[in-house]
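Novice: As input, take target34.cif (mmCIF, C-alpha atoms):
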```cif
data_structure
loop_
_atom_site.label_atom_id
_atom_site.label_comp_id
_atom_site.auth_asym_id
_atom_site.auth_seq_id
_atom_site.Cartn_x
_atom_site.Cartn_y
_atom_site.Cartn_z
CA MET A 12 -2.09 16.20 23.95
CA THR A 13 -4.64 13.43 23.47
CA ALA A 14 -7.65 14.36 21.36
CA PRO A 15 -11.05 14.10 23.08
CA ALA A 16 -13.06 10.94 22.52
CA VAL A 17 -16.42 10.85 20.80
CA THR A 18 -18.43 11.03 24.00
CA SER A 19 -21.73 9.72 22.70
CA GLY A 20 -23.07 7.77 19.79
CA THR A 21 -21.47 5.06 17.70
CA VAL A 22 -19.02 5.42 14.86
CA HIS A 23 -20.02 3.07 12.05
CA ILE A 24 -17.01 2.20 9.91
CA ILE A 25 -17.85 0.82 6.50
CA GLY A 26 -14.97 -1.35 5.30
CA ALA A 27 -12.37 -3.40 7.18
CA GLY A 28 -9.39 -2.74 4.97
CA LEU A 29 -6.41 -0.95 6.48
CA ALA A 30 -8.12 2.43 6.26
CA GLY A 31 -11.14 1.14 8.16
CA LEU A 32 -9.13 -0.89 10.67
CA SER A 33 -6.73 1.96 11.45
CA SER A 34 -9.60 4.38 12.02
CA ALA A 35 -11.32 1.83 14.27
CA VAL A 36 -8.13 1.27 16.29
CA ALA A 37 -7.59 5.00 16.73
CA LEU A 38 -11.19 5.52 17.86
CA LYS A 39 -11.17 2.59 20.29
CA ARG A 40 -7.88 3.79 21.73
CA ALA A 41 -9.66 7.06 22.50
CA GLY A 42 -12.60 5.24 24.09
CA SER A 43 -15.22 5.65 21.37
CA ALA A 44 -17.97 3.17 20.55
CA VAL A 45 -17.15 1.52 17.21
CA THR A 46 -18.94 -0.87 14.87
CA VAL A 47 -17.19 -2.09 11.72
CA HIS A 48 -19.21 -3.38 8.75
CA GLU A 49 -17.32 -5.39 6.11
CA ALA A 50 -18.90 -6.69 2.90
CA ALA A 51 -16.52 -9.65 2.59
CA ARG A 52 -16.02 -12.57 4.94
CA PHE A 53 -12.57 -11.40 5.91
CA ALA A 54 -10.78 -8.20 6.88
CA GLY A 55 -7.77 -6.55 5.27
CA GLY A 56 -9.04 -5.60 1.82
CA ARG A 57 -6.05 -5.64 -0.54
CA CYS A 58 -3.76 -6.31 2.41
CA ARG A 59 -4.76 -9.83 3.34
CA SER A 60 -3.50 -13.39 3.64
CA TYR A 61 -5.33 -16.61 2.85
CA PHE A 62 -4.71 -20.33 2.65
CA GLU A 63 -4.10 -21.35 -0.97
CA PRO A 64 -5.13 -25.03 -1.30
CA GLY A 65 -3.27 -25.46 -4.58
CA LEU A 66 -0.01 -24.62 -2.81
CA GLY A 67 -0.87 -25.98 0.60
CA ILE A 68 0.42 -22.84 2.30
CA THR A 69 -0.82 -19.41 3.37
CA ILE A 70 0.07 -16.61 0.98
CA ASP A 71 -0.63 -12.89 0.69
CA ASN A 72 -2.83 -11.62 -2.10
CA GLY A 73 0.07 -9.30 -2.98
CA ASN A 74 3.48 -8.31 -1.75
CA HIS A 75 3.70 -5.04 0.18
CA LEU A 76 6.68 -3.12 1.47
CA VAL A 77 6.80 -0.66 4.37
CA LEU A 78 9.64 1.81 4.82
CA SER A 79 11.02 2.81 8.20
CA GLY A 80 9.90 6.39 7.52
CA ASN A 81 6.23 5.36 7.22
CA HIS A 82 5.31 6.85 10.59
CA ALA A 83 1.55 6.20 10.42
CA ALA A 84 1.98 2.51 9.61
CA LEU A 85 4.54 2.04 12.38
CA ALA A 86 2.38 3.89 14.91
CA TYR A 87 -0.57 1.66 13.99
CA LEU A 88 1.54 -1.48 14.44
CA ALA A 89 2.84 -0.21 17.78
CA THR A 90 -0.73 0.36 19.00
CA ILE A 91 -1.89 -3.14 18.09
CA GLY A 92 1.31 -4.74 19.39
CA ALA A 93 2.61 -5.92 16.05
CA THR A 94 5.80 -3.91 15.50
CA ALA A 95 7.95 -7.03 15.70
CA ARG A 96 5.98 -8.62 12.84
CA LEU A 97 7.96 -6.51 10.34
CA VAL A 98 11.53 -7.52 9.56
CA GLY A 99 14.27 -5.93 7.51
CA PRO A 100 17.95 -5.08 7.30
CA ALA A 101 19.64 -2.93 9.92
CA SER A 102 20.27 -0.22 7.34
CA ALA A 103 18.72 1.03 4.10
CA THR A 104 20.07 -1.61 1.73
CA PHE A 105 18.41 -2.56 -1.57
CA PRO A 106 19.88 -5.43 -3.64
CA PHE A 107 19.37 -5.34 -7.43
CA ALA A 108 20.15 -7.66 -10.34
CA ASP A 109 20.20 -6.95 -14.07
CA LEU A 110 18.99 -9.96 -16.05
CA ARG A 111 20.42 -8.65 -19.31
CA THR A 112 23.98 -7.99 -18.13
CA GLY A 113 24.20 -10.34 -15.15
CA GLU A 114 25.34 -7.50 -12.89
CA ARG A 115 24.37 -7.37 -9.23
CA TRP A 116 24.71 -4.50 -6.81
CA GLU A 117 23.39 -3.05 -3.59
CA LEU A 118 22.08 0.46 -3.15
CA ARG A 119 23.23 1.42 0.35
CA ILE A 120 21.93 4.70 1.75
CA ASN A 121 23.61 6.20 4.82
CA ASP A 122 21.44 6.98 7.85
CA GLY A 123 21.85 10.77 8.00
CA ARG A 124 20.20 13.42 5.85
CA ALA A 125 23.49 14.43 4.22
CA PRO A 126 23.67 11.93 1.30
CA TRP A 127 27.36 11.12 1.38
CA TRP A 128 26.55 7.63 0.08
CA ILE A 129 26.19 9.02 -3.45
CA LEU A 130 29.95 9.78 -3.38
CA SER A 131 30.80 6.09 -3.01
CA LYS A 132 30.82 3.85 -6.07
CA ALA A 133 30.32 0.86 -3.79
CA ARG A 134 27.02 2.30 -2.51
CA ARG A 135 25.36 3.57 -5.67
CA VAL A 136 24.11 2.02 -8.90
CA PRO A 137 26.90 0.90 -11.26
CA GLY A 138 27.45 3.33 -14.12
CA THR A 139 26.00 6.33 -12.26
CA ARG A 140 27.65 9.46 -10.90
CA ALA A 141 26.91 11.46 -7.77
CA HIS A 142 25.07 14.26 -9.58
CA ASP A 143 22.64 11.74 -11.13
CA TYR A 144 21.01 11.40 -7.69
CA LEU A 145 20.52 15.12 -7.22
CA ALA A 146 18.00 14.98 -10.07
CA ALA A 147 15.49 13.73 -7.51
CA LEU A 148 15.46 17.22 -5.99
CA ARG A 149 13.66 18.44 -9.10
CA LEU A 150 10.71 16.23 -8.13
CA LEU A 151 10.30 18.27 -4.93
CA ARG A 152 9.53 21.35 -7.02
CA ALA A 153 7.42 19.67 -9.70
CA GLY A 154 4.24 21.28 -10.97
CA ALA A 155 0.82 19.68 -10.72
CA SER A 156 0.69 18.64 -14.39
CA GLU A 157 4.26 17.34 -14.74
CA THR A 158 5.21 13.69 -15.07
CA VAL A 159 8.14 11.86 -13.51
CA ALA A 160 9.80 11.19 -16.85
CA GLY A 161 9.23 14.80 -17.90
CA VAL A 162 11.03 16.09 -14.81
CA LEU A 163 13.84 13.53 -14.58
CA GLY A 164 14.28 12.82 -18.29
CA PRO A 165 13.37 9.31 -19.51
CA SER A 166 16.88 8.10 -20.23
CA GLY A 167 20.22 7.43 -18.61
CA VAL A 168 21.52 4.73 -16.33
CA ALA A 169 20.15 6.24 -13.11
CA TYR A 170 16.67 6.57 -14.58
CA HIS A 171 16.62 3.04 -15.99
CA ARG A 172 18.20 1.28 -13.02
CA LEU A 173 16.86 3.32 -10.11
CA TRP A 174 14.20 6.00 -10.60
CA HIS A 175 12.03 4.03 -13.02
CA PRO A 176 11.77 0.78 -11.00
CA VAL A 177 11.49 2.47 -7.60
CA LEU A 178 8.89 5.06 -8.58
CA LEU A 179 6.95 2.57 -10.71
CA ALA A 180 6.57 0.43 -7.60
CA ALA A 181 5.71 3.38 -5.36
CA LEU A 182 3.04 4.85 -7.64
CA ASN A 183 1.90 1.69 -9.47
CA THR A 184 1.98 3.85 -12.59
CA ASP A 185 4.63 4.06 -15.29
CA PRO A 186 6.87 7.10 -14.73
CA SER A 187 6.27 8.16 -18.33
CA GLU A 188 2.78 9.27 -17.23
CA ALA A 189 2.94 9.28 -13.41
CA SER A 190 2.56 12.46 -11.37
CA ALA A 191 5.92 14.04 -10.59
CA GLN A 192 4.34 15.91 -7.70
CA LEU A 193 3.15 12.66 -6.14
CA ALA A 194 6.59 11.12 -6.64
CA GLY A 195 8.12 14.19 -5.02
CA ARG A 196 6.08 13.61 -1.87
CA VAL A 197 7.42 10.06 -1.67
CA VAL A 198 11.00 11.30 -2.06
CA ARG A 199 10.46 14.05 0.53
CA GLU A 200 9.29 11.57 3.18
CA THR A 201 11.90 8.90 2.50
CA LEU A 202 15.08 9.49 0.50
CA ALA A 203 15.32 13.17 1.44
CA LYS A 204 15.35 12.16 5.12
CA GLY A 205 18.22 9.72 4.71
CA GLY A 206 18.56 6.02 5.25
CA LYS A 207 16.82 6.01 8.63
CA ALA A 208 13.58 6.66 6.74
CA CYS A 209 14.28 4.21 3.91
CA ARG A 210 14.93 0.88 5.60
CA PRO A 211 12.74 -1.75 3.85
CA LEU A 212 10.44 -3.74 6.13
CA ILE A 213 8.47 -6.85 5.17
CA ALA A 214 5.74 -8.84 6.94
CA ALA A 215 7.67 -12.11 6.95
CA GLU A 216 4.82 -14.10 8.51
CA GLY A 217 2.20 -12.60 6.20
CA LEU A 218 0.19 -9.42 5.91
CA ALA A 219 -2.67 -10.69 8.07
CA ALA A 220 -0.31 -11.66 10.89
CA ALA A 221 1.13 -8.14 10.94
CA PHE A 222 -1.66 -5.73 9.99
CA VAL A 223 -5.02 -7.48 10.30
CA ASP A 224 -5.23 -10.19 12.96
CA PRO A 225 -3.63 -8.10 15.74
CA ALA A 226 -5.99 -5.21 14.88
CA LEU A 227 -9.06 -7.46 15.09
CA ALA A 228 -7.80 -8.80 18.43
CA TYR A 229 -7.20 -5.25 19.69
CA LEU A 230 -10.70 -4.17 18.69
CA GLY A 231 -12.34 -7.29 20.13
CA GLN A 232 -10.61 -6.90 23.47
CA ARG A 233 -11.94 -3.34 23.72
CA GLY A 234 -15.53 -4.09 22.86
CA ALA A 235 -15.68 -3.03 19.22
CA ARG A 236 -18.14 -4.93 17.08
CA VAL A 237 -16.92 -6.23 13.72
CA HIS A 238 -19.50 -7.66 11.31
CA PHE A 239 -18.66 -9.54 8.12
CA ASP A 240 -21.05 -10.15 5.21
CA HIS A 241 -22.45 -6.65 5.84
CA ARG A 242 -22.57 -5.16 2.36
CA LEU A 243 -23.74 -1.55 2.40
CA ARG A 244 -26.29 -1.04 -0.36
CA ALA A 245 -27.09 2.63 0.20
CA LEU A 246 -26.65 5.66 2.43
CA ASP A 247 -29.99 7.29 3.19
CA PHE A 248 -29.41 11.05 3.13
CA ASP A 249 -31.63 13.60 4.83
CA GLY A 250 -30.53 17.20 4.38
CA GLU A 251 -27.07 17.68 5.89
CA ARG A 252 -26.86 14.21 7.45
CA VAL A 253 -27.02 10.53 6.70
CA LYS A 254 -30.06 9.19 8.55
CA SER A 255 -29.69 5.45 8.00
CA LEU A 256 -27.49 2.70 6.59
CA LYS A 257 -29.11 0.22 4.23
CA PHE A 258 -27.45 -3.17 3.93
CA ALA A 259 -28.15 -6.01 1.54
CA GLU A 260 -30.38 -8.65 3.20
CA LEU A 261 -30.26 -6.85 6.56
CA ASP A 262 -32.57 -4.43 8.30
CA PRO A 263 -31.54 -0.76 7.93
CA ILE A 264 -29.62 0.84 10.79
CA GLU A 265 -31.24 4.09 11.85
CA LEU A 266 -28.65 6.60 13.04
CA SER A 267 -29.04 8.70 16.15
CA PRO A 268 -28.02 12.39 16.06
CA ASP A 269 -24.70 11.46 17.73
CA ASP A 270 -23.78 8.59 15.41
CA ARG A 271 -21.03 9.06 12.81
CA ILE A 272 -19.91 7.19 9.69
CA ILE A 273 -16.48 6.58 8.24
CA LEU A 274 -16.81 5.33 4.68
CA ALA A 275 -13.62 3.32 4.09
CA VAL A 276 -14.43 1.50 0.85
CA PRO A 277 -12.75 1.50 -2.58
CA ALA A 278 -13.13 4.63 -4.69
CA GLN A 279 -15.52 3.05 -7.18
CA VAL A 280 -17.79 1.87 -4.37
CA ALA A 281 -17.74 5.27 -2.66
CA ARG A 282 -18.71 7.00 -5.92
CA ALA A 283 -21.77 4.77 -6.17
CA LEU A 284 -22.81 5.49 -2.58
CA VAL A 285 -22.14 9.23 -2.25
CA PRO A 286 -24.00 11.62 -4.56
CA GLY A 287 -21.73 13.88 -6.61
CA LEU A 288 -18.52 12.48 -5.16
CA VAL A 289 -15.48 13.26 -7.29
CA ALA A 290 -12.92 10.48 -6.84
CA PRO A 291 -10.28 8.68 -8.90
CA ASP A 292 -11.78 6.71 -11.76
CA ALA A 293 -8.70 5.32 -13.51
CA PHE A 294 -6.89 2.33 -12.06
CA ARG A 295 -3.81 0.21 -12.62
CA ALA A 296 -3.30 -3.52 -12.20
CA ILE A 297 -0.79 -5.40 -10.08
CA LEU A 298 0.30 -8.96 -10.82
CA ASN A 299 1.79 -11.29 -8.22
CA GLY A 300 3.28 -14.74 -8.69
CA HIS A 301 3.86 -17.17 -5.82
CA PHE A 302 6.10 -20.27 -6.06
CA ARG A 303 6.07 -22.85 -3.27
CA ILE A 304 9.73 -23.53 -2.78
CA PRO A 305 12.05 -22.57 0.09
CA PRO A 306 14.53 -19.94 -1.13
CA PRO A 307 18.26 -20.67 -0.93
CA PRO A 308 19.75 -19.39 2.36
CA GLU A 309 21.63 -16.49 0.72
CA THR A 310 18.56 -15.12 -1.08
CA PRO A 311 17.80 -11.53 -0.02
CA ARG A 312 14.34 -10.84 1.40
CA LEU A 313 13.81 -8.28 -1.37
CA LEU A 314 15.49 -8.16 -4.77
CA GLY A 315 14.92 -5.55 -7.45
CA VAL A 316 15.06 -6.90 -11.00
CA ILE A 317 16.14 -4.84 -14.01
CA ASN A 318 15.41 -5.87 -17.62
CA GLY A 319 13.03 -8.66 -16.71
CA THR A 320 9.33 -9.34 -16.52
CA CYS A 321 9.81 -9.71 -12.76
CA GLU A 322 10.27 -6.39 -11.00
CA TRP A 323 10.64 -7.38 -7.35
CA ILE A 324 11.25 -10.79 -5.81
CA PHE A 325 10.29 -11.40 -2.18
CA ALA A 326 11.80 -14.34 -0.30
CA PHE A 327 9.68 -15.93 2.43
CA GLN A 328 10.40 -19.05 4.45
CA ASP A 329 8.23 -21.32 2.29
CA ARG A 330 7.96 -19.48 -1.02
CA LEU A 331 9.35 -17.02 -3.51
CA SER A 332 6.97 -14.29 -4.63
CA VAL A 333 7.10 -11.87 -7.54
CA THR A 334 5.43 -8.48 -7.90
CA ILE A 335 4.86 -6.58 -11.15
CA SER A 336 3.41 -3.06 -10.94
CA SER A 337 1.24 -1.27 -13.49
CA ALA A 338 0.69 -4.72 -14.99
CA ASP A 339 -2.26 -4.03 -17.29
CA ARG A 340 -0.20 -5.26 -20.26
CA LEU A 341 -0.04 -8.75 -18.69
CA ILE A 342 -3.59 -9.16 -17.43
CA GLU A 343 -4.78 -11.10 -20.51
CA THR A 344 -1.67 -13.31 -20.67
CA PRO A 345 -2.53 -16.92 -19.76
CA ARG A 346 -1.63 -17.73 -16.17
CA GLU A 347 0.50 -20.77 -16.99
CA GLU A 348 2.51 -18.80 -19.53
CA LEU A 349 3.13 -16.12 -16.91
CA ALA A 350 4.11 -18.68 -14.29
CA ARG A 351 6.70 -20.25 -16.59
CA ARG A 352 8.11 -16.90 -17.69
CA LEU A 353 8.42 -15.61 -14.13
CA TRP A 354 9.85 -18.87 -12.80
CA GLU A 355 12.56 -18.90 -15.47
CA GLU A 356 13.74 -15.50 -14.24
CA VAL A 357 13.41 -16.39 -10.55
CA ALA A 358 15.39 -19.60 -11.07
CA ARG A 359 18.19 -17.73 -12.87
CA LEU A 360 18.43 -15.13 -10.12
CA THR A 361 18.31 -17.55 -7.18
CA GLY A 362 20.38 -20.36 -8.67
CA LEU A 363 17.57 -22.89 -8.35
CA ARG A 364 17.69 -25.61 -10.97
CA GLN A 365 14.44 -27.50 -10.52
CA ALA A 366 11.43 -27.39 -12.83
CA LEU A 367 8.46 -25.14 -12.28
CA PRO A 368 7.31 -25.72 -8.66
CA PRO A 369 3.69 -25.40 -7.49
CA TRP A 370 2.57 -21.87 -8.31
CA GLN A 371 -0.22 -19.35 -8.12
CA ILE A 372 -0.72 -16.19 -10.19
CA ILE A 373 -2.88 -13.41 -8.73
CA LYS A 374 -4.10 -10.64 -11.03
CA GLU A 375 -5.66 -7.55 -9.49
CA ARG A 376 -7.10 -5.51 -12.35
CA ARG A 377 -8.01 -2.46 -10.27
CA ALA A 378 -5.36 -2.72 -7.59
CA THR A 379 -4.82 1.02 -7.06
CA PHE A 380 -5.88 4.31 -8.54
CA ALA A 381 -3.59 5.47 -11.34
CA GLY A 382 -1.01 7.93 -10.05
CA LEU A 383 -1.64 10.39 -12.87
CA PRO A 384 -1.73 14.19 -12.50
CA GLN A 385 -5.38 14.16 -13.61
CA GLN A 386 -6.30 11.50 -11.04
CA GLU A 387 -4.47 13.32 -8.27
CA ASP A 388 -6.83 16.25 -8.86
CA LYS A 389 -9.82 13.97 -8.22
CA ARG A 390 -8.81 12.76 -4.76
CA PRO A 391 -11.33 14.10 -2.22
CA GLU A 392 -10.68 15.41 1.27
CA ALA A 393 -11.85 13.32 4.22
CA ARG A 394 -14.60 15.74 5.20
CA THR A 395 -17.81 15.73 3.19
CA ARG A 396 -20.71 18.15 3.03
CA TRP A 397 -22.69 15.79 5.28
CA ALA A 398 -22.02 16.49 8.95
CA ASN A 399 -21.84 12.86 10.06
CA LEU A 400 -19.99 11.35 7.08
CA VAL A 401 -16.20 11.18 6.70
CA LEU A 402 -14.17 9.41 4.00
CA ALA A 403 -11.10 7.19 4.38
CA GLY A 404 -9.05 5.21 1.89
CA ASP A 405 -5.72 5.40 0.11
CA TRP A 406 -7.57 7.13 -2.78
CA THR A 407 -8.48 10.14 -0.65
CA ALA A 408 -6.24 13.21 -0.43
CA THR A 409 -3.50 11.72 1.73
CA GLY A 410 -0.67 13.30 -0.23
CA LEU A 411 0.75 9.82 -0.89
CA PRO A 412 0.24 7.11 -3.52
CA ALA A 413 -2.00 4.11 -2.89
CA THR A 414 0.19 2.41 -0.29
CA ILE A 415 -0.15 0.86 3.15
CA GLU A 416 1.08 4.13 4.63
CA GLY A 417 -1.47 6.12 2.64
CA ALA A 418 -4.35 3.87 3.70
CA ILE A 419 -3.44 3.96 7.39
CA ARG A 420 -2.82 7.69 7.30
CA SER A 421 -6.30 8.19 5.85
CA GLY A 422 -7.82 6.13 8.67
CA HIS A 423 -5.97 8.16 11.29
CA ARG A 424 -7.14 11.38 9.64
CA ALA A 425 -10.79 10.29 9.57
CA ALA A 426 -10.66 9.28 13.24
CA ALA A 427 -8.99 12.55 14.21
CA ILE A 428 -11.74 14.55 12.53
CA LEU A 429 -14.44 12.78 14.53
CA LEU A 430 -12.49 12.90 17.79
CA ASN A 431 -11.84 16.61 17.47
CA GLU A 432 -15.49 17.25 16.69
CA GLY A 433 -16.68 15.04 19.54
#
```
Can I see the file as structure tokens?

Specialist:
Amino acid sequence: MTAPAVTSGTVHIIGAGLAGLSSAVALKRAGSAVTVHEAARFAGGRCRSYFEPGLGITIDNGNHLVLSGNHAALAYLATIGATARLVGPASATFPFADLRTGERWELRINDGRAPWWILSKARRVPGTRAHDYLAALRLLRAGASETVAGVLGPSGVAYHRLWHPVLLAALNTDPSEASAQLAGRVVRETLAKGGKACRPLIAAEGLAAAFVDPALAYLGQRGARVHFDHRLRALDFDGERVKSLKFAELDPIELSPDDRIILAVPAQVARALVPGLVAPDAFRAILNGHFRIPPPPETPRLLGVINGTCEWIFAFQDRLSVTISSADRLIETPREELARRLWEEVARLTGLRQALPPWQIIKERRATFAGLPQQEDKRPEARTRWANLVLAGDWTATGLPATIEGAIRSGHRAAAILLNEG
């Protein structure tokens, strides 16, 4: 049954990242009046593409992966007509390479819930046994204060070659300190549902082409207003409501009794705007390296790397890109040193022999909130004590780590709250 639309007033959405865009799309689909205010000159937030003049090509600020079980992200793409912008293998297949030993293998998960794939040596990680994979079930019962390494045990082939790299990427936090409960939610929605929920999907033409540009077109065609260079300076509170929005170098917007606000900004910005807001305050970095060189034809779209500085290598038509999660240890390393170190590994794994090609290193110091048990406790619900103010963002209580799915799910939740109250 379709939720009722907000019948009067305007919903002001602060922030045009995926949380803000997904809430705007959901509201416009229901027929609500929507205005989006974005502080930057572009939409997408951390999920954006831009032309890099040093490379002469368009790149993404970071590499992001969607899984076929990410129902909110896929529903959002279906609404904006961008489902075909994600590509991936026909089944849940994950290639890996170990730089230390030279071994290569593919993790191949069968479609059904019954995990018969763990019985096949050809489908699982070399050196592991079937019962090593059942350890993931312990994450589903983890307590609020437990860590991934504490639940799984920080040793063994399966931990080193599978659980550590996969959960490090999912939570952007080292498993030695990451929330086991948060990891368990990831496992419950993906691996526990079988390969149909685990197929890796990549925006081959760029993040903006898949998640941002079609959303802006959808909103524009339906009369939504999207303003850039609208930096919110303050929320003017009056009792149980926000009465006006104060922007830098713009006149304040006075809110009518029927107007609503979705605050879809980063956690640190929201804390500065909302009195007494408890929100995550510890963050982890992500480092991405981009190399302008066409990958060899046999290069997989996604390659997991064990025992290297690289963790994941993404192959696009015009470049090879590297992602390193929880990368605080590398933030102060000189960019050229990083580029040479990463390229040496990429060249070994792809068989390319040429010298360092044109490159770009992107360091995001506060890429996501830290997936720690203590930080999980600080994630707020979407509703606030102000009647016309709702929160959205991957740092809110989505039940998931800071991912594309988490951001979009938060936007859908914020929109649903306003639609149901309308």

Novice: Given the file shown, determine the residues that the PyMOL selection byres ((chain A and resi 389-404) around 9) selects; report them as a PyMOL selection string.

Specialist: chain A and resi 28-31+34+248+250-253+268-278+281+288-292+385-388+405-409+413+417-426+428-429

Novice: I need the output of the PyMOL selection byres ((chain A and resi 124) around 9) for this file as a PDB file with C-alpha atoms, in the coordinates of the input; which residues are they?

Specialist:
```
ATOM      1  CA  ASN A 121      23.610   6.200   4.820  1.00  0.00           C
ATOM      2  CA  ASP A 122      21.440   6.980   7.850  1.00  0.00           C
ATOM      3  CA  GLY A 123      21.850  10.770   8.000  1.00  0.00           C
ATOM      4  CA  ALA A 125      23.490  14.430   4.220  1.00  0.00           C
ATOM      5  CA  PRO A 126      23.670  11.930   1.300  1.00  0.00           C
ATOM      6  CA  TRP A 127      27.360  11.120   1.380  1.00  0.00           C
ATOM      7  CA  LEU A 202      15.080   9.490   0.500  1.00  0.00           C
ATOM      8  CA  ALA A 203      15.320  13.170   1.440  1.00  0.00           C
ATOM      9  CA  LYS A 204      15.350  12.160   5.120  1.00  0.00           C
ATOM     10  CA  GLY A 205      18.220   9.720   4.710  1.00  0.00           C
ATOM     11  CA  GLY A 206      18.560   6.020   5.250  1.00  0.00           C
ATOM     12  CA  LYS A 207      16.820   6.010   8.630  1.00  0.00           C
TER      13      LYS A 207
END
```

Novice: Care to translate the PyMOL selection byres ((chain A and resi 222-235) around 10) into actual residues of this file, as a PyMOL selection string?

Specialist: chain A and resi 27-29+32-33+35-40+42-47+53-56+58-60+84+87-88+90-94+96-97+214+217-221+236-238+415

Novice: A:Thr334, A:Thr320, A:Asn183, A:Gln371: which is nearest Arg352 in chain A, counting all atoms listed in the file?

Specialist: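 Between A:Thr334, A:Thr320, A:Asn183, A:Gln371, the residue approaching Arg352 in chain A most closely is A:Thr320.
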
Novice: Got a sec: who's within 10 Å of Arg303 in chain A, counting only C-alpha atoms, leaving out chain neighbours fewer than 4 positions off, as number ranges by chain?

Specialist: A: 65-68, 70, 327-332, 367-371

Novice: State, in Å with one decimal place, the distance from CA of Leu150 in chain A to CA of Trp174 in chain A.

Specialist: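 Between these atoms lies a distance of 11.1 Å.
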
Novice: Can you tell me how far CA of Asn81 in chain A sits from CA of His301 in chain A, in Å to one decimal?

Specialist: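 Separation between CA of Asn81 in chain A and CA of His301 in chain A: 26.1 Å.
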
Novice: Here is a test: counting only C-alpha atoms, which residue of A:Ile317, A:Glu63, A:His175, A:Ala381 is nearest to Phe302 in chain A?

Specialist: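 Closest to Phe302 in chain A of all the choices is A:Glu63.
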
Novice: Need the shell around Glu356 in chain A: protein/DNA/RNA residues with any atom at most 12 Å away, counting only C-alpha atoms. Skip same-chain ones fewer than 4 positions apart. Format as a list in words?

Specialist: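 The neighbour list is Ala108, Asp109, Leu110, Arg111, Gly113, Gly300, Val316, Ile317, Asn318, Gly319, Thr320, Cys321, Glu322, Trp323, Ile324, Leu331, Ser332, Val333, Leu349, Ala350, Arg351, Arg352, Leu360, Thr361, Gly362, Leu363, Arg364 and Leu367 of chain A.
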
Novice: Using only C-alpha atoms and a cutoff of 10 Å, can you tell me which residues are near (11.9, 18.1, -6.2) in the file's coordinates, and write them out as a ChimeraX atom specification?

Specialist: /A:145-154,162-163,191-192,194-196,198-199,203

Novice: Which distance in Å separates CA of Leu298 in chain A and CA of Thr344 in chain A, to one decimal?

Specialist: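 Value for the CA of Leu298 in chain A-CA of Thr344 in chain A distance: 10.9 Å.
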
Novice: Give me, as a list in words, all polymer residues having an atom no more than 10 Å from Leu256 in chain A, counting all atoms listed in the file and skipping those fewer than 3 positions away in the same chain.

Specialist: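 So the residues in contact are His23, Ile25, Leu243, Arg244, Ala245, Leu246, Asp247, Phe248, Val253, Leu261, Asp262, Pro263, Ile264, Glu265, Leu266 and Ile272 of chain A.
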
Novice: Using all atoms listed in the file, find the one residue out of A:Arg57, A:Arg115, A:Arg135, A:His171 that sits nearest to Thr379 in chain A.

Specialist: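 Ranking A:Arg57, A:Arg115, A:Arg135, A:His171 by distance to Thr379 in chain A, first place goes to A:Arg57.
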
Novice: Which residue, A:Gly138, A:Arg172, A:Leu313, A:Pro384, has the smallest gap to Val159 in chain A when you use all atoms listed in the file?

Specialist: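 Using all atoms listed in the file, the shortest distance to Val159 in chain A belongs to A:Pro384.
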
Novice: Starting from the point (26.9, 0.9, -10.7), work out which residues of protein, DNA or RNA have an atom no more than 10 Å away when counting only C-alpha atoms; state them as a tab-separated table (two decimals) with C-alpha atoms, in the coordinates of the input.

Specialist:
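Listed below is the output, out-v1.tsv:
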```tsv
chain	number	residue	atom	x	y	z
A	114	GLU	CA	25.34	-7.50	-12.89
A	115	ARG	CA	24.37	-7.37	-9.23
A	116	TRP	CA	24.71	-4.50	-6.81
A	117	GLU	CA	23.39	-3.05	-3.59
A	118	LEU	CA	22.08	0.46	-3.15
A	132	LYS	CA	30.82	3.85	-6.07
A	133	ALA	CA	30.32	0.86	-3.79
A	134	ARG	CA	27.02	2.30	-2.51
A	135	ARG	CA	25.36	3.57	-5.67
A	136	VAL	CA	24.11	2.02	-8.90
A	137	PRO	CA	26.90	0.90	-11.26
A	138	GLY	CA	27.45	3.33	-14.12
A	139	THR	CA	26.00	6.33	-12.26
A	140	ARG	CA	27.65	9.46	-10.90
A	168	VAL	CA	21.52	4.73	-16.33
A	169	ALA	CA	20.15	6.24	-13.11
A	172	ARG	CA	18.20	1.28	-13.02
```

Novice: Check the smallest atom-to-atom distance from each of A:Val22, A:Val197, A:Ala180, A:Leu212 to Pro100 in chain A using only C-alpha atoms, then report the winner.

Specialist: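 Smallest separation from Pro100 in chain A among the options: A:Leu212.
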
Novice: Once N, CA and C atoms are restored for range 394-398 of chain A, what would the output be as a PDB file, in the coordinates of the input?

Specialist:
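Below is the file that was written, out20.pdb:
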```pdb
ATOM      1  N   ARG A 394     -13.315  15.145   4.835  1.00  0.00           N
ATOM      2  CA  ARG A 394     -14.600  15.740   5.200  1.00  0.00           C
ATOM      3  C   ARG A 394     -15.522  15.771   3.985  1.00  0.00           C
ATOM      4  N   THR A 395     -16.806  15.604   4.245  1.00  0.00           N
ATOM      5  CA  THR A 395     -17.810  15.730   3.190  1.00  0.00           C
ATOM      6  C   THR A 395     -18.787  16.830   3.580  1.00  0.00           C
ATOM      7  N   ARG A 396     -19.735  17.109   2.708  1.00  0.00           N
ATOM      8  CA  ARG A 396     -20.710  18.150   3.030  1.00  0.00           C
ATOM      9  C   ARG A 396     -21.798  17.641   3.984  1.00  0.00           C
ATOM     10  N   TRP A 397     -21.760  16.348   4.304  1.00  0.00           N
ATOM     11  CA  TRP A 397     -22.690  15.790   5.280  1.00  0.00           C
ATOM     12  C   TRP A 397     -22.006  15.747   6.644  1.00  0.00           C
ATOM     13  N   ALA A 398     -22.655  16.271   7.647  1.00  0.00           N
ATOM     14  CA  ALA A 398     -22.020  16.490   8.950  1.00  0.00           C
ATOM     15  C   ALA A 398     -21.534  15.219   9.618  1.00  0.00           C
TER      16      ALA A 398
END
```
